[in-house]
file upload03.cif (mmCIF, C-alpha atoms)
data_run
#
loop_
_atom_site.label_atom_id
_atom_site.label_comp_id
_atom_site.auth_asym_id
_atom_site.auth_seq_id
_atom_site.Cartn_x
_atom_site.Cartn_y
_atom_site.Cartn_z
CA ASP A 19 36.35 11.64 24.44
CA ALA A 20 37.50 8.14 23.52
CA ARG A 21 34.34 6.65 25.06
CA MET A 22 32.15 9.06 23.07
CA GLU A 23 34.00 8.19 19.86
CA LEU A 24 33.44 4.50 20.57
CA ILE A 25 29.72 5.09 21.25
CA LEU A 26 29.40 7.00 17.97
CA LEU A 27 31.05 4.14 16.04
CA LEU A 28 28.85 1.53 17.72
CA VAL A 29 25.70 3.47 16.84
CA LYS A 30 26.84 3.86 13.24
CA ALA A 31 27.58 0.11 13.13
CA LYS A 32 24.05 -0.52 14.50
CA ARG A 33 25.45 -2.27 17.59
CA PHE A 34 22.94 -0.39 19.71
CA ASP A 35 22.92 -2.61 22.81
CA GLU A 36 26.72 -2.27 23.14
CA ALA A 37 26.45 1.50 22.70
CA GLU A 38 23.85 1.68 25.48
CA LYS A 39 26.12 -0.26 27.87
CA HIS A 40 28.95 2.22 27.31
CA ILE A 41 26.58 5.16 27.75
CA GLY A 42 25.46 3.66 31.06
CA SER A 43 29.04 3.87 32.32
CA ILE A 44 29.04 7.68 31.96
CA ALA A 45 28.35 9.43 35.27
CA ALA A 46 25.22 11.62 35.45
CA GLY A 47 27.36 14.74 35.97
CA GLU A 48 29.29 14.04 32.78
CA ARG A 49 26.25 13.56 30.54
CA THR A 50 26.22 16.23 27.84
CA PRO A 51 23.47 16.91 25.25
CA MET A 52 25.58 14.84 22.83
CA VAL A 53 25.51 11.85 25.20
CA ASP A 54 21.71 12.14 25.48
CA TYR A 55 21.48 12.37 21.70
CA TYR A 56 23.49 9.20 21.06
CA HIS A 57 21.68 7.40 23.86
CA ALA A 58 18.42 8.29 22.10
CA ARG A 59 19.84 7.09 18.76
CA ALA A 60 20.72 3.73 20.34
CA LEU A 61 17.24 3.39 21.87
CA ILE A 62 15.58 4.26 18.55
CA GLY A 63 17.74 1.61 16.89
CA MET A 64 16.34 -0.91 19.39
CA GLN A 65 12.74 0.25 18.63
CA ARG A 66 12.45 1.94 22.05
CA ARG A 67 11.27 5.30 20.75
CA ALA A 68 9.12 6.17 23.77
CA GLU A 69 12.27 6.07 25.95
CA ALA A 70 14.28 8.04 23.39
CA ILE A 71 11.90 11.02 23.20
CA PRO A 72 12.61 12.44 26.73
CA LEU A 73 16.36 12.21 26.08
CA LEU A 74 16.04 14.14 22.82
CA GLN A 75 13.82 16.73 24.53
CA LYS A 76 16.48 17.12 27.24
CA ALA A 77 19.27 17.55 24.68
CA ILE A 78 17.25 20.20 22.81
CA GLN A 79 16.39 22.03 26.02
CA ALA A 80 20.13 22.37 26.70
CA MET A 81 20.93 23.21 23.05
CA PRO A 82 17.85 24.74 21.35
CA ASP A 83 19.49 24.73 17.90
CA PHE A 84 20.69 21.11 18.11
CA VAL A 85 19.58 20.28 14.55
CA GLU A 86 20.40 16.54 14.57
CA ALA A 87 18.42 16.05 17.79
CA LEU A 88 15.49 18.04 16.38
CA VAL A 89 15.42 15.86 13.25
CA GLU A 90 15.49 12.66 15.33
CA LEU A 91 12.78 13.96 17.65
CA ALA A 92 10.49 14.94 14.77
CA TYR A 93 10.89 11.50 13.21
CA ALA A 94 10.37 9.75 16.56
CA TYR A 95 7.14 11.70 17.07
CA GLU A 96 5.99 10.63 13.60
CA GLN A 97 6.70 6.98 14.36
CA GLN A 98 4.69 7.32 17.59
CA LYS A 99 1.85 8.93 15.56
CA GLN A 100 2.16 12.16 17.53
CA TRP A 101 1.48 14.23 14.44
CA ASN A 102 1.01 17.66 16.06
CA GLU A 103 4.19 17.33 18.12
CA ALA A 104 6.13 16.28 15.02
CA ARG A 105 4.78 19.25 13.07
CA THR A 106 5.89 21.66 15.80
CA ILE A 107 9.46 20.36 15.56
CA TYR A 108 9.48 20.50 11.76
CA GLU A 109 8.27 24.11 11.93
CA LYS A 110 11.23 24.91 14.14
CA LEU A 111 13.56 23.24 11.64
CA LEU A 112 11.99 25.32 8.86
CA LYS A 113 12.78 28.50 10.78
CA LEU A 114 16.35 27.28 11.16
CA GLN A 115 16.41 26.84 7.34
CA VAL A 116 17.35 23.17 7.59
CA SER A 117 16.75 21.06 4.45
CA GLU A 118 13.93 23.33 3.32
CA GLN A 119 12.60 20.95 0.67
CA ASP A 120 12.54 17.85 2.90
CA VAL A 121 11.06 19.71 5.88
CA CYS A 122 8.29 21.29 3.79
CA LEU A 123 7.41 17.86 2.39
CA ARG A 124 7.17 16.44 5.92
CA LEU A 125 4.93 19.35 6.94
CA VAL A 126 2.68 18.81 3.90
CA HIS A 127 2.49 15.09 4.72
CA LEU A 128 1.66 15.66 8.40
CA SER A 129 -1.01 18.24 7.65
CA LEU A 130 -2.67 15.85 5.22
CA ARG A 131 -2.51 13.08 7.84
CA LEU A 132 -4.38 15.49 10.13
CA ASN A 133 -6.89 16.14 7.29
CA GLN A 134 -5.90 19.80 7.03
CA PRO A 135 -5.41 20.29 3.27
CA GLU A 136 -5.44 24.10 3.45
CA LYS A 137 -2.63 24.06 6.01
CA ALA A 138 -0.77 21.61 3.75
CA LEU A 139 -1.14 24.12 0.91
CA LYS A 140 0.38 26.80 3.13
CA TYR A 141 3.47 24.66 3.65
CA PHE A 142 3.54 23.86 -0.07
CA ARG A 143 3.78 27.61 -0.81
CA LYS A 144 6.76 27.89 1.57
CA GLY A 145 8.65 25.19 -0.33
CA PRO A 146 11.24 25.72 -3.04
CA ASP A 147 10.26 26.67 -6.57
CA ALA A 148 11.44 23.32 -7.95
CA ALA A 149 9.50 20.91 -10.13
CA ALA A 150 10.67 17.86 -8.16
CA PHE A 151 9.36 19.33 -4.90
CA LYS A 152 6.05 20.37 -6.44
CA LEU A 153 5.41 17.00 -8.05
CA THR A 154 6.26 15.07 -4.87
CA ALA A 155 4.03 17.29 -2.74
CA THR A 156 1.19 17.13 -5.28
CA SER A 157 1.38 13.32 -5.29
CA MET A 158 0.83 13.48 -1.52
CA PHE A 159 -2.41 15.40 -2.08
CA LEU A 160 -3.47 12.74 -4.60
CA GLU A 161 -2.62 9.86 -2.24
CA SER A 162 -4.66 11.47 0.55
CA ARG A 163 -7.58 11.93 -1.89
CA HIS A 164 -7.54 15.71 -1.91
CA TYR A 165 -8.05 15.78 -5.66
CA LEU A 166 -9.26 19.37 -6.06
CA GLN A 167 -6.17 20.80 -4.38
CA ALA A 168 -3.92 18.49 -6.40
CA GLU A 169 -5.59 19.51 -9.64
CA ARG A 170 -5.23 23.20 -8.74
CA LEU A 171 -1.48 22.79 -8.07
CA LEU A 172 -0.93 20.87 -11.30
CA LYS A 173 -2.74 23.49 -13.37
CA GLU A 174 -0.58 26.20 -11.80
CA MET A 175 2.47 24.35 -13.14
CA LEU A 176 1.05 24.56 -16.68
CA ASP A 177 1.91 28.28 -16.74
CA GLU A 178 5.59 27.60 -16.03
CA PRO A 179 8.21 26.99 -18.75
CA GLY A 180 9.20 23.39 -19.43
CA VAL A 181 6.19 21.65 -17.91
CA PRO A 182 7.25 18.18 -16.67
CA PRO A 183 5.36 15.37 -18.48
CA ASP A 184 4.30 13.97 -15.08
CA VAL A 185 1.97 16.97 -14.73
CA PHE A 186 -0.05 15.85 -17.78
CA LEU A 187 -0.03 12.25 -16.55
CA MET A 188 -1.42 13.23 -13.13
CA LEU A 189 -4.06 15.49 -14.69
CA ALA A 190 -5.10 12.63 -16.97
CA GLY A 191 -5.46 10.36 -13.95
CA ILE A 192 -7.69 12.89 -12.18
CA ALA A 193 -9.79 13.41 -15.32
CA ARG A 194 -10.27 9.67 -15.71
CA ASP A 195 -10.79 8.56 -12.11
CA GLN A 196 -12.45 11.59 -10.51
CA ARG A 197 -14.11 13.56 -13.30
CA ARG A 198 -15.00 10.45 -15.34
CA ASP A 199 -14.09 12.51 -18.41
CA THR A 200 -12.47 10.17 -20.94
CA GLU A 201 -11.92 12.81 -23.63
CA LEU A 202 -10.26 15.21 -21.20
CA ALA A 203 -7.99 12.44 -19.92
CA LEU A 204 -6.93 11.51 -23.45
CA SER A 205 -6.30 15.17 -24.31
CA TRP A 206 -3.89 15.50 -21.37
CA LEU A 207 -2.07 12.31 -22.39
CA ALA A 208 -1.74 13.59 -25.97
CA ARG A 209 0.46 16.44 -24.64
CA ILE A 210 3.16 14.03 -23.40
CA PRO A 211 6.06 13.86 -25.92
CA ALA A 212 6.81 10.41 -27.35
CA SER A 213 10.46 10.86 -26.33
CA SER A 214 9.54 11.41 -22.66
CA PRO A 215 10.39 8.73 -20.05
CA THR A 216 6.72 9.01 -19.06
CA ALA A 217 5.51 8.04 -22.54
CA VAL A 218 5.21 4.32 -21.74
CA GLN A 219 3.16 5.03 -18.62
CA ALA A 220 1.01 7.46 -20.59
CA GLU A 221 0.34 4.91 -23.34
CA GLY A 222 -0.49 2.34 -20.68
CA LEU A 223 -3.04 4.68 -19.12
CA LYS A 224 -4.43 5.45 -22.58
CA ALA A 225 -4.93 1.73 -23.19
CA GLN A 226 -6.74 1.36 -19.87
CA ILE A 227 -9.01 4.28 -20.75
CA LEU A 228 -9.83 2.75 -24.14
CA ALA A 229 -10.52 -0.62 -22.50
CA ASP A 230 -12.84 0.99 -19.94
CA ALA A 231 -14.69 2.59 -22.84
CA GLY A 232 -15.25 -0.87 -24.37
CA LYS A 233 -12.53 -0.43 -27.01
CA GLU A 234 -10.41 -3.42 -25.94
CA LYS A 235 -9.17 -4.22 -29.46
CA GLU A 236 -8.02 -0.65 -30.01
CA ALA A 237 -6.34 -0.69 -26.58
CA LEU A 238 -4.60 -3.98 -27.38
CA ALA A 239 -3.30 -2.62 -30.68
CA SER A 240 -1.94 0.43 -28.88
CA VAL A 241 -0.15 -1.71 -26.28
CA ARG A 242 1.37 -4.02 -28.88
CA ASN A 243 2.57 -1.09 -30.96
CA LEU A 244 4.35 0.32 -27.92
CA GLN A 245 5.87 -3.09 -27.10
CA GLN A 246 7.87 -2.92 -30.32
CA ARG A 247 10.06 -0.37 -28.52
CA HIS A 248 9.61 -1.61 -24.92
CA ALA A 249 9.44 -5.40 -25.14
CA ARG A 250 10.42 -5.99 -21.48
CA ASN A 251 8.11 -3.41 -19.93
CA GLU A 252 6.20 -5.11 -17.11
CA THR A 253 3.24 -2.71 -17.19
CA LEU A 254 2.67 -3.28 -20.91
CA LEU A 255 2.93 -7.06 -20.53
CA LEU A 256 0.38 -7.03 -17.71
CA LEU A 257 -1.95 -4.84 -19.74
CA GLU A 258 -1.70 -7.11 -22.78
CA VAL A 259 -2.55 -10.24 -20.78
CA ARG A 260 -5.47 -8.54 -19.03
CA LEU A 261 -6.84 -7.16 -22.30
CA LEU A 262 -6.69 -10.61 -23.90
CA ALA A 263 -8.58 -12.01 -20.91
CA ARG A 264 -11.22 -9.28 -21.25
CA LEU A 265 -11.59 -10.22 -24.90
CA LYS A 266 -12.19 -13.84 -23.75
CA ALA A 267 -9.10 -14.97 -25.68
CA MET A 268 -8.11 -17.13 -22.72
CA ASP A 269 -5.73 -19.50 -24.50
CA GLU A 270 -3.84 -16.58 -26.03
CA ALA A 271 -3.85 -14.76 -22.67
CA LEU A 272 -2.39 -17.81 -20.94
CA ALA A 273 0.28 -18.30 -23.59
CA ARG A 274 1.25 -14.64 -23.39
CA ALA A 275 1.34 -14.76 -19.57
CA ARG A 276 3.75 -17.70 -19.72
CA GLN A 277 5.95 -15.75 -22.15
CA ALA A 278 5.78 -12.65 -19.95
CA VAL A 279 7.04 -14.57 -16.91
CA GLU A 280 10.00 -15.78 -18.98
CA ILE A 281 10.68 -12.24 -20.25
CA VAL A 282 10.59 -10.67 -16.76
CA PRO A 283 11.20 -13.60 -14.36
CA GLU A 284 11.70 -11.29 -11.36
CA SER A 285 8.17 -9.84 -11.61
CA SER A 286 5.86 -11.16 -8.87
CA GLU A 287 2.87 -9.40 -10.47
CA LEU A 288 3.31 -11.17 -13.80
CA ALA A 289 3.68 -14.47 -11.96
CA PHE A 290 0.54 -13.76 -9.93
CA THR A 291 -1.37 -12.91 -13.11
CA LEU A 292 -0.25 -16.23 -14.61
CA GLY A 293 -1.35 -18.09 -11.47
CA SER A 294 -4.73 -16.34 -11.47
CA LEU A 295 -5.30 -17.24 -15.14
CA LEU A 296 -4.41 -20.87 -14.47
CA ASP A 297 -6.86 -20.93 -11.58
CA SER A 298 -9.66 -19.43 -13.67
CA LEU A 299 -9.06 -22.09 -16.33
CA GLY A 300 -9.32 -24.90 -13.78
CA LYS A 301 -5.58 -25.68 -13.77
CA ARG A 302 -5.42 -25.38 -9.99
CA ASP A 303 -2.44 -27.67 -9.34
CA GLU A 304 -0.30 -25.62 -11.70
CA ALA A 305 -1.69 -22.39 -10.26
CA MET A 306 -0.77 -23.56 -6.75
CA LYS A 307 2.77 -24.31 -7.91
CA VAL A 308 3.11 -20.79 -9.36
CA MET A 309 1.74 -19.17 -6.19
CA GLN A 310 4.06 -21.23 -3.98
CA GLY A 311 6.94 -20.00 -6.13
CA ILE A 312 5.89 -16.38 -5.59
CA ILE A 313 5.85 -16.89 -1.80
CA ALA A 314 9.32 -18.45 -1.95
CA SER A 315 10.79 -15.44 -3.79
CA HIS A 316 8.47 -12.71 -2.45
CA PRO A 317 7.39 -13.80 1.07
CA GLU A 318 5.41 -10.58 1.62
CA HIS A 319 3.20 -10.89 -1.47
CA TYR A 320 -0.13 -10.85 0.35
CA GLN A 321 -2.20 -11.92 -2.66
CA ALA A 322 -0.15 -15.08 -3.20
CA LEU A 323 -0.17 -15.75 0.56
CA ASN A 324 -3.95 -15.40 0.54
CA TYR A 325 -4.32 -17.70 -2.48
CA VAL A 326 -2.23 -20.51 -1.00
CA GLY A 327 -3.70 -20.14 2.49
CA TYR A 328 -7.30 -20.14 1.28
CA SER A 329 -6.66 -23.04 -1.13
CA LEU A 330 -5.29 -25.14 1.74
CA ALA A 331 -8.29 -24.21 3.90
CA GLU A 332 -10.72 -25.14 1.12
CA GLN A 333 -9.02 -28.52 0.71
CA GLY A 334 -8.81 -29.06 4.47
CA LYS A 335 -5.05 -29.61 4.10
CA ASP A 336 -2.24 -28.37 6.35
CA LEU A 337 -4.59 -26.00 8.18
CA ASP A 338 -1.89 -24.84 10.61
CA ARG A 339 0.21 -23.61 7.68
CA ALA A 340 -2.88 -22.06 6.09
CA VAL A 341 -3.49 -19.96 9.22
CA LEU A 342 0.17 -18.87 9.37
CA LEU A 343 0.16 -17.83 5.70
CA LEU A 344 -3.10 -15.92 6.04
CA GLU A 345 -1.95 -14.16 9.20
CA ALA A 346 1.16 -13.08 7.28
CA ALA A 347 -1.07 -11.82 4.44
CA LEU A 348 -3.27 -9.89 6.87
CA LYS A 349 -0.19 -8.26 8.38
CA GLN A 350 0.73 -6.95 4.92
CA ALA A 351 -2.83 -5.88 4.03
CA PRO A 352 -4.81 -5.21 7.23
CA ASP A 353 -8.56 -4.66 6.94
CA HIS A 354 -8.74 -6.50 3.62
CA ALA A 355 -12.09 -8.29 3.54
CA TYR A 356 -10.97 -11.18 1.33
CA ILE A 357 -8.02 -12.02 3.57
CA LEU A 358 -10.11 -11.74 6.73
CA ASP A 359 -12.63 -14.12 5.16
CA SER A 360 -9.90 -16.57 4.15
CA LEU A 361 -8.48 -16.55 7.68
CA ALA A 362 -11.99 -16.99 9.10
CA TRP A 363 -12.48 -20.00 6.83
CA ALA A 364 -9.17 -21.57 7.88
CA HIS A 365 -10.12 -21.21 11.56
CA PHE A 366 -13.58 -22.62 10.79
CA ARG A 367 -12.04 -25.66 9.09
CA ARG A 368 -9.93 -26.16 12.22
CA GLY A 369 -13.10 -26.13 14.33
CA GLU A 370 -12.31 -22.75 15.89
CA ASN A 371 -15.76 -21.24 15.40
CA ALA A 372 -15.43 -18.30 17.80
CA GLU A 373 -12.29 -17.00 16.06
CA ALA A 374 -13.89 -17.61 12.66
CA TRP A 375 -17.07 -15.76 13.62
CA ALA A 376 -15.20 -12.66 14.83
CA LEU A 377 -13.14 -12.53 11.63
CA VAL A 378 -15.99 -13.07 9.16
CA ARG A 379 -18.13 -10.42 10.89
CA ARG A 380 -15.25 -8.00 10.55
CA ALA A 381 -14.88 -8.93 6.87
CA THR A 382 -18.55 -8.21 6.07
CA SER A 383 -18.34 -4.82 7.81
CA LEU A 384 -15.65 -3.52 5.41
CA PRO A 385 -16.30 -1.65 2.13
CA ASP A 386 -14.96 -4.57 0.06
CA GLY A 387 -16.92 -7.14 2.07
CA GLY A 388 -19.86 -7.34 -0.34
CA ASP A 389 -18.80 -10.60 -1.93
CA PRO A 390 -21.29 -13.49 -2.14
CA THR A 391 -18.72 -16.08 -1.02
CA ILE A 392 -17.88 -14.04 2.07
CA TRP A 393 -21.58 -13.88 2.96
CA GLU A 394 -21.96 -17.61 2.33
CA HIS A 395 -19.15 -18.22 4.82
CA TYR A 396 -20.87 -15.81 7.21
CA GLY A 397 -23.96 -18.01 7.03
CA ASP A 398 -22.00 -21.27 7.37
CA ILE A 399 -20.05 -20.10 10.42
CA ALA A 400 -23.17 -18.63 12.06
CA ASN A 401 -25.07 -21.87 11.46
CA ALA A 402 -22.28 -23.93 13.05
CA GLN A 403 -22.76 -21.89 16.23
CA GLY A 404 -26.54 -22.30 16.23
CA LEU A 405 -27.16 -18.69 15.18
CA LYS A 406 -30.02 -19.49 12.79
CA ASN A 407 -31.16 -15.90 12.15
CA GLU A 408 -27.61 -14.78 11.38
CA ALA A 409 -27.14 -17.81 9.12
CA ARG A 410 -30.30 -16.89 7.21
CA THR A 411 -29.07 -13.29 6.87
CA GLY A 412 -25.73 -14.45 5.45
CA TRP A 413 -27.16 -16.88 2.91
CA GLU A 414 -29.91 -14.51 1.77
CA ARG A 415 -27.30 -11.79 1.28
CA ALA A 416 -25.19 -14.22 -0.77
CA LEU A 417 -28.18 -14.78 -3.10
CA GLU A 418 -28.82 -11.02 -3.39
CA LEU A 419 -25.19 -10.60 -4.46
CA ASP A 420 -25.61 -13.19 -7.29
CA HIS A 421 -23.80 -16.15 -5.78
CA PRO A 422 -22.40 -18.34 -8.60
CA ASN A 423 -24.09 -21.45 -7.12
CA PRO A 424 -27.54 -20.23 -6.04
CA GLU A 425 -28.98 -23.74 -5.73
CA THR A 426 -26.39 -24.62 -3.09
CA ILE A 427 -27.41 -21.56 -1.07
CA ARG A 428 -31.12 -22.33 -1.41
CA LYS A 429 -30.53 -25.84 -0.07
CA LYS A 430 -28.80 -24.36 2.94
CA LEU A 431 -31.70 -21.98 3.54
CA ASN A 432 -34.21 -24.83 3.25
CA SER A 433 -32.27 -26.79 5.88
CA LEU A 434 -32.87 -24.17 8.56
#

call {"tool": "encode", "arguments": {"input": "upload03.cif", "output": "structure tokens"}}
result
Amino acid sequence: DARMELILLLVKAKRFDEAEKHIGSIAAGERTPMVDYYHARALIGMQRRAEAIPLLQKAIQAMPDFVEALVELAYAYEQQKQWNEARTIYEKLLKLQVSEQDVCLRLVHLSLRLNQPEKALKYFRKGPDAAAFKLTATSMFLESRHYLQAERLLKEMLDEPGVPPDVFLMLAGIARDQRRDTELALSWLARIPASSPTAVQAEGLKAQILADAGKEKEALASVRNLQQRHARNETLLLLEVRLLARLKAMDEALARARQAVEIVPESSELAFTLGSLLDSLGKRDEAMKVMQGIIASHPEHYQALNYVGYSLAEQGKDLDRAVLLLEAALKQAPDHAYILDSLAWAHFRRGENAEAWALVRRATSLPDGGDPTIWEHYGDIANAQGLKNEARTGWERALELDHPNPETIRKKLNSL
């Protein structure tokens, strides 16, 4: 009993290797389902989930209603991407009436991961009649791009008393992004009370809709009116700077971006917007300083990592660091064409043509790979390897995509 108490404390203190050593001292004949459970917890804590799963299965076989072991097993299956197995365990937990809301949400999530929206709806119907549950589950349908089902669930909530403002906000988003119906989107937003916590978000979306409709000045006026009550709101500050840039008021946009960073100094997005503006205005040394600052305070900001890494590669400076930064960016945003291209370019500048070629080919195969600079790099890297036809393909594609320096590309084509 004392040993088990010690193991429990070690697991809670996240001293998993020590817990495992003590578990190893327990004779096979003395191992209970609880010992197997805590052994599995220790293994999971050490990222050894594949070893933990058989122990949890064994504990559950001995105690079929061992709820804690069932929860751990379901989560372990999820982490191993064994979606069907996880769903089976969650269904058992649902029958045992364990955390009905949380379990139903996990079942909705898993069914959507398996691209089974109708099954997800079935689990949604089994969930509690609570607005928080319904909104969370509906957001899962939206995130998995099952917009029709999400819209249906939101409209069902319109018939209930005290409709949460988030319902109108989500419906407005669907109307704008999926139905391309500006008037419908604005009509949903108009139903959100000004006193609601969602009002700022709603006004922000309204400004975006107006801007998309070419009414940037009206959108800017709306944002500035709202800022009188929410001066430190990051979303509104970002919107104001972007609207000023769209109106080509670049000096005013830059000045406001500098103010915004002082108002909300902890915001990496405001800092990145400032850095991007500086870059677009040719103030690249200052932009680099801002981006370096973002990496120092937010080391996982993949856009800043990409900016600094690509800038170093372009300048042919500190290429080893450029590769490390871009690999870190790619880890945060895998299958991002711009980052793959940046990493390809860094390898190319280091003379590592084979690595560069594999990366740039992958970049051009992605949906966001239709950028003229990416295709120019494709041509440059192909040409360096003597692949003349591929080089021609890359440079011709760069011209088709309206490369900003077409004469440079034509010279490259003429050199073949």

call {"tool": "resolve_selection", "arguments": {"input": "upload03.cif", "expression": "the PyMOL selection byres ((chain A and resi 146) around 12)", "output": "PyMOL selection string"}}
result
chain A and resi 112+115+117-123+141-145+147-155

call {"tool": "resolve_selection", "arguments": {"input": "upload03.cif", "expression": "the PyMOL selection byres ((chain A and resi 257-271) around 12)", "output": "PDB file with C-alpha atoms, in the coordinates of the input"}}
result
ATOM      1  CA  VAL A 218       5.210   4.320 -21.740  1.00  0.00           C
ATOM      2  CA  GLN A 219       3.160   5.030 -18.620  1.00  0.00           C
ATOM      3  CA  GLU A 221       0.340   4.910 -23.340  1.00  0.00           C
ATOM      4  CA  GLY A 222      -0.490   2.340 -20.680  1.00  0.00           C
ATOM      5  CA  LEU A 223      -3.040   4.680 -19.120  1.00  0.00           C
ATOM      6  CA  LYS A 224      -4.430   5.450 -22.580  1.00  0.00           C
ATOM      7  CA  ALA A 225      -4.930   1.730 -23.190  1.00  0.00           C
ATOM      8  CA  GLN A 226      -6.740   1.360 -19.870  1.00  0.00           C
ATOM      9  CA  ILE A 227      -9.010   4.280 -20.750  1.00  0.00           C
ATOM     10  CA  LEU A 228      -9.830   2.750 -24.140  1.00  0.00           C
ATOM     11  CA  ALA A 229     -10.520  -0.620 -22.500  1.00  0.00           C
ATOM     12  CA  ASP A 230     -12.840   0.990 -19.940  1.00  0.00           C
ATOM     13  CA  GLY A 232     -15.250  -0.870 -24.370  1.00  0.00           C
ATOM     14  CA  LYS A 233     -12.530  -0.430 -27.010  1.00  0.00           C
ATOM     15  CA  GLU A 234     -10.410  -3.420 -25.940  1.00  0.00           C
ATOM     16  CA  LYS A 235      -9.170  -4.220 -29.460  1.00  0.00           C
ATOM     17  CA  GLU A 236      -8.020  -0.650 -30.010  1.00  0.00           C
ATOM     18  CA  ALA A 237      -6.340  -0.690 -26.580  1.00  0.00           C
ATOM     19  CA  LEU A 238      -4.600  -3.980 -27.380  1.00  0.00           C
ATOM     20  CA  ALA A 239      -3.300  -2.620 -30.680  1.00  0.00           C
ATOM     21  CA  SER A 240      -1.940   0.430 -28.880  1.00  0.00           C
ATOM     22  CA  VAL A 241      -0.150  -1.710 -26.280  1.00  0.00           C
ATOM     23  CA  ARG A 242       1.370  -4.020 -28.880  1.00  0.00           C
ATOM     24  CA  ASN A 243       2.570  -1.090 -30.960  1.00  0.00           C
ATOM     25  CA  LEU A 244       4.350   0.320 -27.920  1.00  0.00           C
ATOM     26  CA  GLN A 245       5.870  -3.090 -27.100  1.00  0.00           C
ATOM     27  CA  ALA A 249       9.440  -5.400 -25.140  1.00  0.00           C
ATOM     28  CA  ASN A 251       8.110  -3.410 -19.930  1.00  0.00           C
ATOM     29  CA  GLU A 252       6.200  -5.110 -17.110  1.00  0.00           C
ATOM     30  CA  THR A 253       3.240  -2.710 -17.190  1.00  0.00           C
ATOM     31  CA  LEU A 254       2.670  -3.280 -20.910  1.00  0.00           C
ATOM     32  CA  LEU A 255       2.930  -7.060 -20.530  1.00  0.00           C
ATOM     33  CA  LEU A 256       0.380  -7.030 -17.710  1.00  0.00           C
ATOM     34  CA  LEU A 272      -2.390 -17.810 -20.940  1.00  0.00           C
ATOM     35  CA  ALA A 273       0.280 -18.300 -23.590  1.00  0.00           C
ATOM     36  CA  ARG A 274       1.250 -14.640 -23.390  1.00  0.00           C
ATOM     37  CA  ALA A 275       1.340 -14.760 -19.570  1.00  0.00           C
ATOM     38  CA  ARG A 276       3.750 -17.700 -19.720  1.00  0.00           C
ATOM     39  CA  GLN A 277       5.950 -15.750 -22.150  1.00  0.00           C
ATOM     40  CA  ALA A 278       5.780 -12.650 -19.950  1.00  0.00           C
ATOM     41  CA  VAL A 279       7.040 -14.570 -16.910  1.00  0.00           C
ATOM     42  CA  GLU A 287       2.870  -9.400 -10.470  1.00  0.00           C
ATOM     43  CA  LEU A 288       3.310 -11.170 -13.800  1.00  0.00           C
ATOM     44  CA  ALA A 289       3.680 -14.470 -11.960  1.00  0.00           C
ATOM     45  CA  PHE A 290       0.540 -13.760  -9.930  1.00  0.00           C
ATOM     46  CA  THR A 291      -1.370 -12.910 -13.110  1.00  0.00           C
ATOM     47  CA  LEU A 292      -0.250 -16.230 -14.610  1.00  0.00           C
ATOM     48  CA  GLY A 293      -1.350 -18.090 -11.470  1.00  0.00           C
ATOM     49  CA  SER A 294      -4.730 -16.340 -11.470  1.00  0.00           C
ATOM     50  CA  LEU A 295      -5.300 -17.240 -15.140  1.00  0.00           C
ATOM     51  CA  LEU A 296      -4.410 -20.870 -14.470  1.00  0.00           C
ATOM     52  CA  ASP A 297      -6.860 -20.930 -11.580  1.00  0.00           C
ATOM     53  CA  SER A 298      -9.660 -19.430 -13.670  1.00  0.00           C
ATOM     54  CA  LEU A 299      -9.060 -22.090 -16.330  1.00  0.00           C
ATOM     55  CA  GLY A 300      -9.320 -24.900 -13.780  1.00  0.00           C
TER      56      GLY A 300
END

call {"tool": "closest_residue", "arguments": {"input": "upload03.cif", "among": "A:Arg59, A:His248, A:His127, A:Arg170", "to": "A:Arg33", "atoms": "all atoms listed in the file"}}
result
A:Arg59

call {"tool": "atom_distance", "arguments": {"input": "upload03.cif", "atom1": "atom CA of A:Val185", "atom2": "atom CA of A:Leu132"}}
result
25.7 Å

call {"tool": "atom_distance", "arguments": {"input": "upload03.cif", "atom1": "atom CA of A:Glu169", "atom2": "atom CA of A:Leu384"}}
result
29.3 Å

call {"tool": "resolve_selection", "arguments": {"input": "upload03.cif", "expression": "the PyMOL selection byres ((chain A and resi 339) around 12)", "output": "PyMOL selection string"}}
result
chain A and resi 323-324+326-331+334-338+340-346+361+364-365+368

call {"tool": "write_last_selection", "arguments": {"input": "upload03.cif", "atoms": "C-alpha atoms", "output": "tab-separated table (two decimals), in the frame of the given file"}}
result
chain	number	residue	atom	x	y	z
A	323	LEU	CA	-0.17	-15.75	0.56
A	324	ASN	CA	-3.95	-15.40	0.54
A	326	VAL	CA	-2.23	-20.51	-1.00
A	327	GLY	CA	-3.70	-20.14	2.49
A	328	TYR	CA	-7.30	-20.14	1.28
A	329	SER	CA	-6.66	-23.04	-1.13
A	330	LEU	CA	-5.29	-25.14	1.74
A	331	ALA	CA	-8.29	-24.21	3.90
A	334	GLY	CA	-8.81	-29.06	4.47
A	335	LYS	CA	-5.05	-29.61	4.10
A	336	ASP	CA	-2.24	-28.37	6.35
A	337	LEU	CA	-4.59	-26.00	8.18
A	338	ASP	CA	-1.89	-24.84	10.61
A	340	ALA	CA	-2.88	-22.06	6.09
A	341	VAL	CA	-3.49	-19.96	9.22
A	342	LEU	CA	0.17	-18.87	9.37
A	343	LEU	CA	0.16	-17.83	5.70
A	344	LEU	CA	-3.10	-15.92	6.04
A	345	GLU	CA	-1.95	-14.16	9.20
A	346	ALA	CA	1.16	-13.08	7.28
A	361	LEU	CA	-8.48	-16.55	7.68
A	364	ALA	CA	-9.17	-21.57	7.88
A	365	HIS	CA	-10.12	-21.21	11.56
A	368	ARG	CA	-9.93	-26.16	12.22
